[in-house]
Amino acid sequence: MAPRPTRGTFKFDKYYLVMEALRESGQPFTEHAPEACPREWLEAVHCPTYVDEVFRAAVPREKERRIGFPVTAAIASRVRHTNGGTWLAAKLAMQHGYAANSAAGSHHALHDTGAGYCVFNDLAVASNRLLAEGDARRILIVDLDVHQGDGTASLMAGREDVFTFSIHAEKNFPARKARSSLDIGLPDGADDAGFLAVLEKHLPVVLEEFDPDFVFYQAGVDPHTDDALGRLSLSDAGLEARDRFVAQQVRTRGLPLASALGGGYGDNQNAVALRHARSMLAMAAINSCFTNVS
């Protein structure tokens, strides 16, 4: 496990609270600790100059402002491990059907800078590595965070072997959206019924037409009505229905599914952590086997 970072604007406590919530759930799951992501895997997606800045904890002030917190040596170690965790979750999903990274989902990180609490884009890094090693032929990235995955869309743009699908709050961050393979921006206040109707209409079509052999899922819980940075109005039941539907659609096609934590914000970190834990448990119930990377 990566060293615990110092407290900044972004609240890192939820990652530890998620693991506590999972352990207290009484549901069986297997924990794995990832190794740090190799530098060359990061440099295959991100600008080597930026990667070096992070490794040396010498990220320029303007980039740190875009990220939202200082990139210390502890943070540099942490993000290397969380990126390694998404790749490990993918490899475990290939063995067990479903696996989750109880961190990461850093979908705002761009080629030469981080942004929006994201330093390196683990979804893009892991996708690129799986394809490079021949572990996957075509990867679908389903992003249901309340914020559009602009970094993932940008980094994967133009690739015929990666399809990026995002359902998000249209008026939320980022103000300037990137172009995913398929973007659906929802109006403020969209509720369970509205969100699920869009998801149920489009995800089966994307799976059928793109025909992936691996699926990453950005399972942010920030569409919740009580989220501090969200603009949508999903309930606890709505989030769980969303996650069950994604898992059902992917697993009934015999495809491996790896999820990353994504966004979830609020003063009550225990409540946020519980939403994340319930998200993973909902997907694990569909698969009947839960492997977690922490």
# chains A, B, ... in the order shown; residues from 1 in each chain; ligands from 1
call {"tool": "residues_around", "arguments": {"residues": "Leu144 in chain A", "least_positions_apart": "6", "cutoff": "8 Å", "atoms": "only C-alpha atoms", "output": "compact mmCIF listing (two decimals) with N, CA and C atoms, in the first residue's frame"}}
result
# COMPACT_ATOMS: atom_id res chain seq x y z
N SER A 166 -19.05 8.02 -21.93
CA SER A 166 -19.22 8.82 -20.73
C SER A 166 -20.65 9.34 -20.61
N ILE A 167 -21.26 9.10 -19.44
CA ILE A 167 -22.51 9.76 -19.05
C ILE A 167 -22.19 10.64 -17.86
N HIS A 168 -22.48 11.92 -17.96
CA HIS A 168 -22.03 12.86 -16.93
C HIS A 168 -23.00 14.04 -16.86
N TYR A 217 -14.40 0.20 -15.86
CA TYR A 217 -15.56 0.95 -15.42
C TYR A 217 -15.14 1.98 -14.38
N GLN A 218 -15.32 3.25 -14.71
CA GLN A 218 -15.11 4.35 -13.77
C GLN A 218 -16.40 4.49 -12.96
N ALA A 219 -16.40 3.95 -11.73
CA ALA A 219 -17.63 3.82 -10.95
C ALA A 219 -17.77 4.92 -9.91
N GLY A 220 -17.58 6.17 -10.29
CA GLY A 220 -17.71 7.26 -9.34
C GLY A 220 -19.10 7.31 -8.72
call {"tool": "residues_around", "arguments": {"residues": "Ser154 in chain A", "least_positions_apart": "3", "cutoff": "12 Å", "atoms": "only C-alpha atoms", "output": "PyMOL selection string"}}
result
chain A and resi 45-46+107-112+121+123-124+148-151+157-159+162-164+176-181
call {"tool": "write_last_selection", "arguments": {"atoms": "C-alpha atoms", "output": "CSV table (one decimal), in the first residue's frame"}}
result
chain,number,residue,atom,x,y,z
A,45,VAL,CA,0.8,7.6,-22.2
A,46,HIS,CA,2.0,10.8,-20.4
A,107,HIS,CA,-9.8,10.3,-15.5
A,108,HIS,CA,-8.9,14.0,-15.6
A,109,ALA,CA,-5.1,13.6,-16.0
A,110,LEU,CA,-3.9,14.7,-19.4
A,111,HIS,CA,-0.8,14.1,-21.5
A,112,ASP,CA,1.5,16.7,-19.9
A,121,ASN,CA,-4.5,8.6,-15.8
A,123,LEU,CA,-7.5,4.0,-17.0
A,124,ALA,CA,-5.5,5.1,-20.0
A,148,GLN,CA,-16.8,13.8,-17.9
A,149,GLY,CA,-13.6,11.8,-18.2
A,150,ASP,CA,-11.9,14.4,-20.4
A,151,GLY,CA,-8.4,13.1,-19.8
A,157,ALA,CA,-8.6,9.8,-28.9
A,158,GLY,CA,-8.1,8.4,-32.4
A,159,ARG,CA,-7.5,4.8,-31.2
A,162,VAL,CA,-10.4,1.8,-27.3
A,163,PHE,CA,-14.0,3.1,-27.0
A,164,THR,CA,-14.7,5.8,-24.4
A,176,ARG,CA,-14.5,22.5,-21.7
A,177,LYS,CA,-15.3,18.9,-22.5
A,178,ALA,CA,-13.1,16.6,-24.5
A,179,ARG,CA,-14.7,14.3,-27.2
A,180,SER,CA,-15.3,10.7,-26.0
A,181,SER,CA,-16.3,8.0,-28.5
call {"tool": "atom_distance", "arguments": {"atom1": "CA of Glu200 in chain A", "atom2": "CA of Asn287 in chain A"}}
result
19.2 Å
call {"tool": "residues_around", "arguments": {"residues": "range 61-69 of chain A", "least_positions_apart": "6", "cutoff": "6 Å", "atoms": "only C-alpha atoms", "output": "PyMOL selection string"}}
result
chain A and resi 114-118
call {"tool": "select_by_dssp", "arguments": {"residues": "range 103-265 of chain A", "states": "alpha helix (DSSP H)", "output": "PDB file with C-alpha atoms, in the first residue's frame"}}
result
ATOM      1  CA  ASP A 122      -4.634   4.952 -14.611  1.00  0.00           C
ATOM      2  CA  LEU A 123      -7.472   3.993 -16.978  1.00  0.00           C
ATOM      3  CA  ALA A 124      -5.481   5.119 -20.013  1.00  0.00           C
ATOM      4  CA  VAL A 125      -2.193   3.690 -18.717  1.00  0.00           C
ATOM      5  CA  ALA A 126      -3.682   0.275 -17.948  1.00  0.00           C
ATOM      6  CA  SER A 127      -5.598   0.166 -21.235  1.00  0.00           C
ATOM      7  CA  ASN A 128      -2.498   1.001 -23.225  1.00  0.00           C
ATOM      8  CA  ARG A 129      -0.473  -1.669 -21.429  1.00  0.00           C
ATOM      9  CA  LEU A 130      -3.069  -4.421 -21.817  1.00  0.00           C
ATOM     10  CA  LEU A 131      -3.265  -3.737 -25.547  1.00  0.00           C
ATOM     11  CA  ALA A 132       0.517  -3.509 -25.926  1.00  0.00           C
ATOM     12  CA  ASP A 150     -11.892  14.411 -20.357  1.00  0.00           C
ATOM     13  CA  GLY A 151      -8.371  13.126 -19.760  1.00  0.00           C
ATOM     14  CA  THR A 152      -9.232   9.563 -20.728  1.00  0.00           C
ATOM     15  CA  ALA A 153     -11.106  10.752 -23.820  1.00  0.00           C
ATOM     16  CA  SER A 154      -8.178  12.949 -24.854  1.00  0.00           C
ATOM     17  CA  LEU A 155      -5.472  10.340 -24.255  1.00  0.00           C
ATOM     18  CA  MET A 156      -7.402   7.591 -26.064  1.00  0.00           C
ATOM     19  CA  ASP A 192     -32.516   7.544 -10.961  1.00  0.00           C
ATOM     20  CA  ALA A 193     -35.072   7.012 -13.703  1.00  0.00           C
ATOM     21  CA  GLY A 194     -33.505   9.521 -16.075  1.00  0.00           C
ATOM     22  CA  PHE A 195     -29.966   8.240 -15.597  1.00  0.00           C
ATOM     23  CA  LEU A 196     -30.877   4.571 -15.863  1.00  0.00           C
ATOM     24  CA  ALA A 197     -32.989   5.138 -18.970  1.00  0.00           C
ATOM     25  CA  VAL A 198     -29.974   6.623 -20.758  1.00  0.00           C
ATOM     26  CA  LEU A 199     -27.633   3.897 -19.537  1.00  0.00           C
ATOM     27  CA  GLU A 200     -30.014   1.088 -20.470  1.00  0.00           C
ATOM     28  CA  LYS A 201     -30.539   2.570 -23.929  1.00  0.00           C
ATOM     29  CA  HIS A 202     -26.888   3.030 -24.861  1.00  0.00           C
ATOM     30  CA  LEU A 203     -24.630   0.551 -23.036  1.00  0.00           C
ATOM     31  CA  PRO A 204     -26.010  -2.623 -24.683  1.00  0.00           C
ATOM     32  CA  VAL A 205     -25.647  -1.005 -28.109  1.00  0.00           C
ATOM     33  CA  VAL A 206     -22.052   0.028 -27.429  1.00  0.00           C
ATOM     34  CA  LEU A 207     -21.178  -3.471 -26.231  1.00  0.00           C
ATOM     35  CA  GLU A 208     -22.822  -5.044 -29.266  1.00  0.00           C
ATOM     36  CA  GLU A 209     -21.373  -2.717 -31.891  1.00  0.00           C
ATOM     37  CA  PHE A 210     -17.857  -2.148 -30.519  1.00  0.00           C
ATOM     38  CA  ASP A 236     -28.357   4.985  -2.992  1.00  0.00           C
ATOM     39  CA  ALA A 237     -30.692   2.548  -4.735  1.00  0.00           C
ATOM     40  CA  GLY A 238     -30.127   4.297  -8.054  1.00  0.00           C
ATOM     41  CA  LEU A 239     -26.354   3.992  -7.790  1.00  0.00           C
ATOM     42  CA  GLU A 240     -26.612   0.311  -6.929  1.00  0.00           C
ATOM     43  CA  ALA A 241     -29.012  -0.292  -9.842  1.00  0.00           C
ATOM     44  CA  ARG A 242     -26.559   1.498 -12.145  1.00  0.00           C
ATOM     45  CA  ASP A 243     -23.672  -0.695 -11.023  1.00  0.00           C
ATOM     46  CA  ARG A 244     -25.655  -3.907 -11.193  1.00  0.00           C
ATOM     47  CA  PHE A 245     -26.747  -3.076 -14.737  1.00  0.00           C
ATOM     48  CA  VAL A 246     -23.173  -2.415 -15.882  1.00  0.00           C
ATOM     49  CA  ALA A 247     -21.955  -5.659 -14.308  1.00  0.00           C
ATOM     50  CA  GLN A 248     -24.855  -7.666 -15.736  1.00  0.00           C
ATOM     51  CA  GLN A 249     -24.366  -6.339 -19.255  1.00  0.00           C
ATOM     52  CA  VAL A 250     -20.628  -7.017 -19.187  1.00  0.00           C
ATOM     53  CA  ARG A 251     -20.580 -10.350 -17.373  1.00  0.00           C
TER      54      ARG A 251
END
call {"tool": "select_by_dssp", "arguments": {"residues": "range 4-212 of chain A", "states": "strand (DSSP E)", "output": "list of chain:residue names"}}
result
A:Thr30, A:Glu31, A:His32, A:Tyr98, A:Ala99, A:Ala100, A:Asn101, A:Ile139, A:Leu140, A:Ile141, A:Val142, A:Asp143, A:Val162, A:Phe163, A:Thr164, A:Phe165, A:Ser166, A:Ile167, A:His168, A:Ala169, A:Leu182, A:Asp183, A:Ile184, A:Gly185, A:Leu186
call {"tool": "residues_around", "arguments": {"residues": "Arg138 in chain A", "least_positions_apart": "6", "cutoff": "7 Å", "atoms": "only C-alpha atoms", "output": "PyMOL selection string"}}
result
chain A and resi 161-162+212-214
call {"tool": "write_last_selection", "arguments": {"atoms": "N, CA and C atoms", "output": "mmCIF file, in the first residue's frame"}}
result
data_model
loop_
_atom_site.group_PDB
_atom_site.id
_atom_site.type_symbol
_atom_site.label_atom_id
_atom_site.label_comp_id
_atom_site.auth_asym_id
_atom_site.auth_seq_id
_atom_site.Cartn_x
_atom_site.Cartn_y
_atom_site.Cartn_z
ATOM 1 N N ASP A 161 -8.907 0.821 -31.128
ATOM 2 C CA ASP A 161 -8.998 -0.318 -30.208
ATOM 3 C C ASP A 161 -9.474 0.071 -28.815
ATOM 4 N N VAL A 162 -9.845 1.336 -28.610
ATOM 5 C CA VAL A 162 -10.395 1.795 -27.334
ATOM 6 C C VAL A 162 -11.634 2.641 -27.608
ATOM 7 N N PRO A 212 -16.069 -5.255 -27.466
ATOM 8 C CA PRO A 212 -14.811 -5.295 -26.717
ATOM 9 C C PRO A 212 -14.546 -6.685 -26.166
ATOM 10 N N ASP A 213 -13.309 -6.933 -25.774
ATOM 11 C CA ASP A 213 -13.013 -8.156 -25.027
ATOM 12 C C ASP A 213 -12.562 -7.847 -23.610
ATOM 13 N N PHE A 214 -12.602 -6.557 -23.245
ATOM 14 C CA PHE A 214 -12.306 -6.150 -21.859
ATOM 15 C C PHE A 214 -13.016 -4.830 -21.594
#
call {"tool": "atom_distance", "arguments": {"atom1": "CA of Asp52 in chain A", "atom2": "CA of Gly84 in chain A"}}
result
17.2 Å
